[in-house]
Amino acid sequence: MSILASRLGRIKPSPTIAVTTKAAELKAAGRDVIGLGAGEPDFDTPDNVKEAAIAAIHAGQTKYTAVDGTPALKQAICDKFRRENKLDYAPSQITVGTGGKQVLYNALMATLDEGDEVLIPAPYWVSYPDMVLLSGGEPVAIACSEKNGFKLQPKDLEEAITAKTKWLILNSPSNPTGAAYTWDEMKALTDVLKKHPHVWVMTDDMYEHLVYDNFVFCTPAQVEPELYDRTLTVNGVSKAYAMTGWRIGYAGGPAELIKAMAKIQSQSTSNPSSISQAAAVEALNGPQDFIPENAKLFKGRRDMVVEMLNDCPGLKCLKPEGAFYVYPSCAGVIGKKTPEGKTIASDGDFVTYLLESVGVAAVQGEAFGLSPYFRISYATSTEALKEACARIKKACEALI
Ligand SMILES: Cc1ncc(COP(=O)(O)O)c(C=O)c1O
């Protein structure tokens with residue numbers, strides 16, 4: 001009998017973490033590798049946030065806190081939702097976890113019974129299907145094609161809903177494509193959901209602040225107030241405030257669901273770090289002016305990367321609305337041969353070729369549920385990005 005539980009056989013380790021680890025190993029071994037796999041901003045947490053954490057340590061805020069968040073942080077989150085999303089949540093409707101990842105996981109664990117279906121537009125963030133599987137549910141991917149900007153179409157949503165559908169997971173701006181829904185596009189989706197009262201919406205708004213060209217972010221419960229009672233609005237400080245290592249994510253939703261999620265957290269990790277919570281209060285309540293500054297920097301990088309990738313033979317790259325990813329098609333290199341005579345048969349082969357031939361680490365589209373594509377994170381220095389794109393071009397030109 002194996003020591004490992006059978007449920008483990010249903011999931012795989014995170015492929016994006018695998019790429020980042022492999023790039024780091026190659027670098028440590030002396031190889032010249034540019035990692036474009038990481039999903040985190042390349043700049044530092046703002047000083048006012050760091051100072052708040054240090055002050056919390058000195059003030060003795062080093063003990064257990066309430067399981068799903070301190071009153072001060074819950075209040076800061078209520079204020080954020082009201083200020084930025086026009087959403088009214090009471091503190092009893094707020095939960096705080098160790099990253100958005102734990103919040104999403106708690107929600108699925110708290111709600112899924114064996115066989116319950118969760119709709120996941122593909123390409124998707126790698127963790128959604130595996131979290132659903134670990135919770136006993138069935139992930140149902142809905143393919144979102146490049147010709148629709150990788151966005152879920154109302155007709156496809158309508159067709160995917162069954163009596164067993166419990167959740168639709170929406171992620172705008174998206175990891176891995178950067179696609180974000182306009183108000184009208186979101187309204188078209190919420191109109192479909194209005195007709196199916198048994199379907200709830202889990203919206204992952206982690207990249208809310210990273211939108212470009214005057215794009216206006218919106219979230220389902222704001223667009224369609226009728227869905228407020230069956231929407232979990234998930235967000236966090238990781239991406240907007242460059243706080244990935246601090247591990248604070250949060251959500252607003254119906255009190256009954258929030259209480260159920262706290263029950264799970266109370267029997268697993270208890271509260272997120274008390275010090276990180278104090279830092280998150282400052283992030284949400286303090287000055288916000290660096291957010292548009294960072295967004296401007298990201299926009300410049302996006303424009304450069306899209307232009308340089310479209311100059312690579314065999315690649316085609318859409319210009320996305322937000323986040324810090326692009327998702328170029330590599331259909332034009334499939335079937336070609338490397339100088340060593342290996343055939344590129346898949347996006348997995350292509351990213352392996354990029355890593356081995358020119359030392360650029362990207363993630364294969366297969367990991368995100370839509371091939372043949374690959375994901376590039378442009379959350380890295382402009383110089384490194386320029387060099388990486390030049391190397392990708394060289395690698396594409398060398399294919400026969
Ligand atoms: C779409 C999406 N949701 C959630 C997360 C998790 O973020 P956190 O660091 O808050 O756990 C990530 C992180 O990569 C993400 O890309």
# chains A, B, ... in the order shown; residues from 1 in each chain; ligands from 1
>>> residues_near_ligand(ligand="ligand 1", cutoff="8 Å", atoms="only C-alpha atoms and all ligand atoms", output="ChimeraX atom specification")
/A:39-40,98-102,104,124-125,171,174-176,204-207,235-239,243-245,247-249
>>> select_by_dssp(residues="range 216-276 of chain A", states="helix (DSSP H, G or I)", output="ChimeraX atom specification")
/A:220-223,225-230,244-246,255-266,274-276
>>> residues_around(residues="range 74-82 of chain A", least_positions_apart="5", cutoff="12 Å", atoms="only C-alpha atoms", output="JSON, numbers by chain")
{"A": [66, 67, 68, 69, 87, 88, 89, 90, 91, 92, 93, 94, 95, 96, 97, 205, 208, 218, 219, 221, 222, 233, 234, 235, 236, 237, 248, 249, 250, 251, 252, 253, 277, 278, 279, 280, 281, 282, 283, 284, 285, 286, 288]}
>>> closest_residue(among="A:Tyr353, A:Tyr378, A:Tyr228, A:Trp167", to="Ala38 in chain A", atoms="only C-alpha atoms")
A:Tyr378
>>> residues_around(residues="range 149-161 of chain A", least_positions_apart="6", cutoff="10 Å", atoms="only C-alpha atoms", output="VMD selection string")
chain A and resid 117 to 124 140 to 143 167 to 168 170 to 172 174 176 to 181 185 to 193 195 to 196 198 to 199 318 to 321 327 370
>>> write_last_selection(atoms="N, CA and C atoms", output="short mmCIF file (atom, residue, chain, number, x, y, z; two decimals), in the first residue's frame")
data_model
loop_
_atom_site.label_atom_id
_atom_site.label_comp_id
_atom_site.auth_asym_id
_atom_site.auth_seq_id
_atom_site.Cartn_x
_atom_site.Cartn_y
_atom_site.Cartn_z
N GLU A 117 -19.29 20.60 -10.86
CA GLU A 117 -18.49 21.12 -11.96
C GLU A 117 -18.11 22.60 -11.77
N VAL A 118 -16.89 22.90 -12.16
CA VAL A 118 -16.41 24.28 -12.10
C VAL A 118 -15.96 24.69 -13.50
N LEU A 119 -16.57 25.74 -14.03
CA LEU A 119 -16.23 26.20 -15.38
C LEU A 119 -14.98 27.08 -15.33
N ILE A 120 -14.02 26.75 -16.17
CA ILE A 120 -12.75 27.48 -16.18
C ILE A 120 -12.39 27.87 -17.61
N PRO A 121 -12.52 29.16 -17.95
CA PRO A 121 -12.12 29.58 -19.30
C PRO A 121 -10.64 29.28 -19.52
N ALA A 122 -10.33 28.69 -20.69
CA ALA A 122 -8.93 28.36 -21.01
C ALA A 122 -8.45 29.25 -22.14
N PRO A 123 -7.21 29.74 -22.12
CA PRO A 123 -6.17 29.42 -21.15
C PRO A 123 -6.45 29.99 -19.75
N TYR A 124 -6.03 29.21 -18.74
CA TYR A 124 -6.32 29.54 -17.35
C TYR A 124 -5.04 29.56 -16.51
N VAL A 140 -14.10 22.01 -15.67
CA VAL A 140 -14.60 21.96 -17.06
C VAL A 140 -14.01 23.16 -17.79
N ALA A 141 -13.04 22.88 -18.68
CA ALA A 141 -12.39 23.98 -19.39
C ALA A 141 -13.25 24.43 -20.56
N ILE A 142 -13.34 25.74 -20.75
CA ILE A 142 -14.03 26.28 -21.93
C ILE A 142 -12.97 26.99 -22.77
N ALA A 143 -12.72 26.48 -23.98
CA ALA A 143 -11.67 27.06 -24.82
C ALA A 143 -12.06 28.48 -25.26
N TRP A 167 -19.62 26.68 -9.95
CA TRP A 167 -18.89 27.94 -10.05
C TRP A 167 -18.48 28.20 -11.51
N LEU A 168 -18.35 29.48 -11.82
CA LEU A 168 -17.56 29.93 -12.97
C LEU A 168 -16.39 30.70 -12.37
N LEU A 170 -13.67 33.40 -13.07
CA LEU A 170 -13.27 34.43 -14.04
C LEU A 170 -11.99 35.09 -13.55
N ASN A 171 -11.10 35.41 -14.46
CA ASN A 171 -9.84 36.03 -14.08
C ASN A 171 -9.51 37.13 -15.09
N SER A 172 -9.72 38.37 -14.66
CA SER A 172 -9.54 39.51 -15.56
C SER A 172 -8.86 40.65 -14.81
N SER A 174 -6.12 38.57 -17.18
CA SER A 174 -5.83 37.14 -17.05
C SER A 174 -4.35 36.81 -16.97
N PRO A 176 -2.81 33.47 -18.09
CA PRO A 176 -1.58 33.86 -18.76
C PRO A 176 -1.72 34.82 -19.93
N THR A 177 -2.91 35.29 -20.31
CA THR A 177 -3.00 36.01 -21.59
C THR A 177 -2.95 37.53 -21.45
N GLY A 178 -3.25 38.05 -20.25
CA GLY A 178 -3.35 39.50 -20.07
C GLY A 178 -4.69 40.06 -20.54
N ALA A 179 -5.57 39.19 -21.06
CA ALA A 179 -6.87 39.66 -21.55
C ALA A 179 -7.73 40.15 -20.39
N ALA A 180 -8.45 41.26 -20.62
CA ALA A 180 -9.34 41.79 -19.59
C ALA A 180 -10.67 42.15 -20.23
N TYR A 181 -11.75 41.97 -19.47
CA TYR A 181 -13.10 42.21 -20.00
C TYR A 181 -13.51 43.66 -19.80
N GLU A 185 -18.44 43.60 -22.23
CA GLU A 185 -18.13 42.17 -22.35
C GLU A 185 -18.50 41.43 -21.06
N MET A 186 -18.21 42.06 -19.93
CA MET A 186 -18.55 41.45 -18.63
C MET A 186 -20.08 41.35 -18.48
N LYS A 187 -20.76 42.39 -18.91
CA LYS A 187 -22.24 42.43 -18.79
C LYS A 187 -22.85 41.29 -19.61
N ALA A 188 -22.28 41.03 -20.78
CA ALA A 188 -22.80 39.95 -21.63
C ALA A 188 -22.67 38.60 -20.89
N LEU A 189 -21.61 38.45 -20.12
CA LEU A 189 -21.43 37.20 -19.36
C LEU A 189 -22.36 37.15 -18.15
N THR A 190 -22.47 38.27 -17.44
CA THR A 190 -23.34 38.28 -16.25
C THR A 190 -24.82 38.12 -16.66
N ASP A 191 -25.16 38.56 -17.86
CA ASP A 191 -26.53 38.35 -18.36
C ASP A 191 -26.84 36.86 -18.48
N VAL A 192 -25.85 36.10 -18.93
CA VAL A 192 -26.03 34.64 -19.02
C VAL A 192 -26.18 34.07 -17.61
N LEU A 193 -25.33 34.49 -16.71
CA LEU A 193 -25.34 33.94 -15.34
C LEU A 193 -26.65 34.26 -14.62
N LYS A 195 -29.47 34.08 -15.70
CA LYS A 195 -30.49 33.08 -16.07
C LYS A 195 -30.28 31.74 -15.36
N HIS A 196 -29.14 31.60 -14.67
CA HIS A 196 -28.81 30.30 -14.05
C HIS A 196 -28.48 30.52 -12.58
N HIS A 198 -28.27 28.83 -10.01
CA HIS A 198 -27.46 27.89 -9.21
C HIS A 198 -25.96 28.06 -9.44
N VAL A 199 -25.57 28.91 -10.40
CA VAL A 199 -24.15 29.07 -10.71
C VAL A 199 -23.58 30.30 -9.97
N LEU A 318 -0.69 38.84 -29.71
CA LEU A 318 -1.73 39.86 -29.50
C LEU A 318 -1.24 40.85 -28.45
N LYS A 319 -1.78 42.07 -28.52
CA LYS A 319 -1.45 43.05 -27.49
C LYS A 319 -2.55 43.03 -26.43
N PRO A 320 -2.26 42.50 -25.24
CA PRO A 320 -3.31 42.34 -24.24
C PRO A 320 -3.61 43.63 -23.46
N GLU A 321 -4.74 43.63 -22.76
CA GLU A 321 -5.19 44.81 -22.03
C GLU A 321 -4.44 45.01 -20.71
N TYR A 327 0.93 36.12 -24.49
CA TYR A 327 0.67 34.70 -24.80
C TYR A 327 0.76 34.50 -26.31
N LEU A 370 -4.24 25.76 -23.43
CA LEU A 370 -4.48 26.14 -24.83
C LEU A 370 -3.15 26.17 -25.59
#
>>> closest_residue(among="A:Leu108, A:Glu356, A:Pro13, A:Gly60", to="Leu257 in chain A", atoms="only C-alpha atoms")
A:Leu108
>>> residues_around(residues="Leu134 in chain A", least_positions_apart="3", cutoff="12 Å", atoms="only C-alpha atoms", output="PyMOL selection string")
chain A and resi 5-12+105-106+108-110+112-115+127-131+137-139
>>> closest_residue(among="A:Asp32, A:Glu387, A:Asp347, A:Asp213", to="Lys296 in chain A", atoms="only C-alpha atoms")
A:Asp213
>>> closest_residue(among="A:Leu133, A:Ile275, A:Ala390, A:Ile264", to="His58 in chain A", atoms="only C-alpha atoms")
A:Ile275
>>> decode(residues="range 29-50 of chain A", atoms="C-alpha atoms", output="CSV table (one decimal), in the first residue's frame")
chain,number,residue,atom,x,y,z
A,29,ALA,CA,25.2,26.1,-12.6
A,30,GLY,CA,26.7,29.0,-14.5
A,31,ARG,CA,24.4,29.1,-17.6
A,32,ASP,CA,23.4,32.5,-19.0
A,33,VAL,CA,19.6,32.2,-18.6
A,34,ILE,CA,16.9,34.9,-18.8
A,35,GLY,CA,13.9,33.8,-16.8
A,36,LEU,CA,10.6,34.9,-18.2
A,37,GLY,CA,8.6,32.4,-16.2
A,38,ALA,CA,8.0,34.2,-13.0
A,39,GLY,CA,4.7,35.7,-12.1
A,40,GLU,CA,5.9,38.5,-9.8
A,41,PRO,CA,6.8,42.2,-10.2
A,42,ASP,CA,10.5,42.7,-10.4
A,43,PHE,CA,10.5,45.8,-8.1
A,44,ASP,CA,10.6,46.0,-4.3
A,45,THR,CA,7.7,46.4,-1.8
A,46,PRO,CA,7.2,50.1,-1.2
A,47,ASP,CA,9.1,51.5,1.8
A,48,ASN,CA,6.0,52.7,3.7
A,49,VAL,CA,4.7,49.1,3.7
A,50,LYS,CA,8.0,47.8,4.9
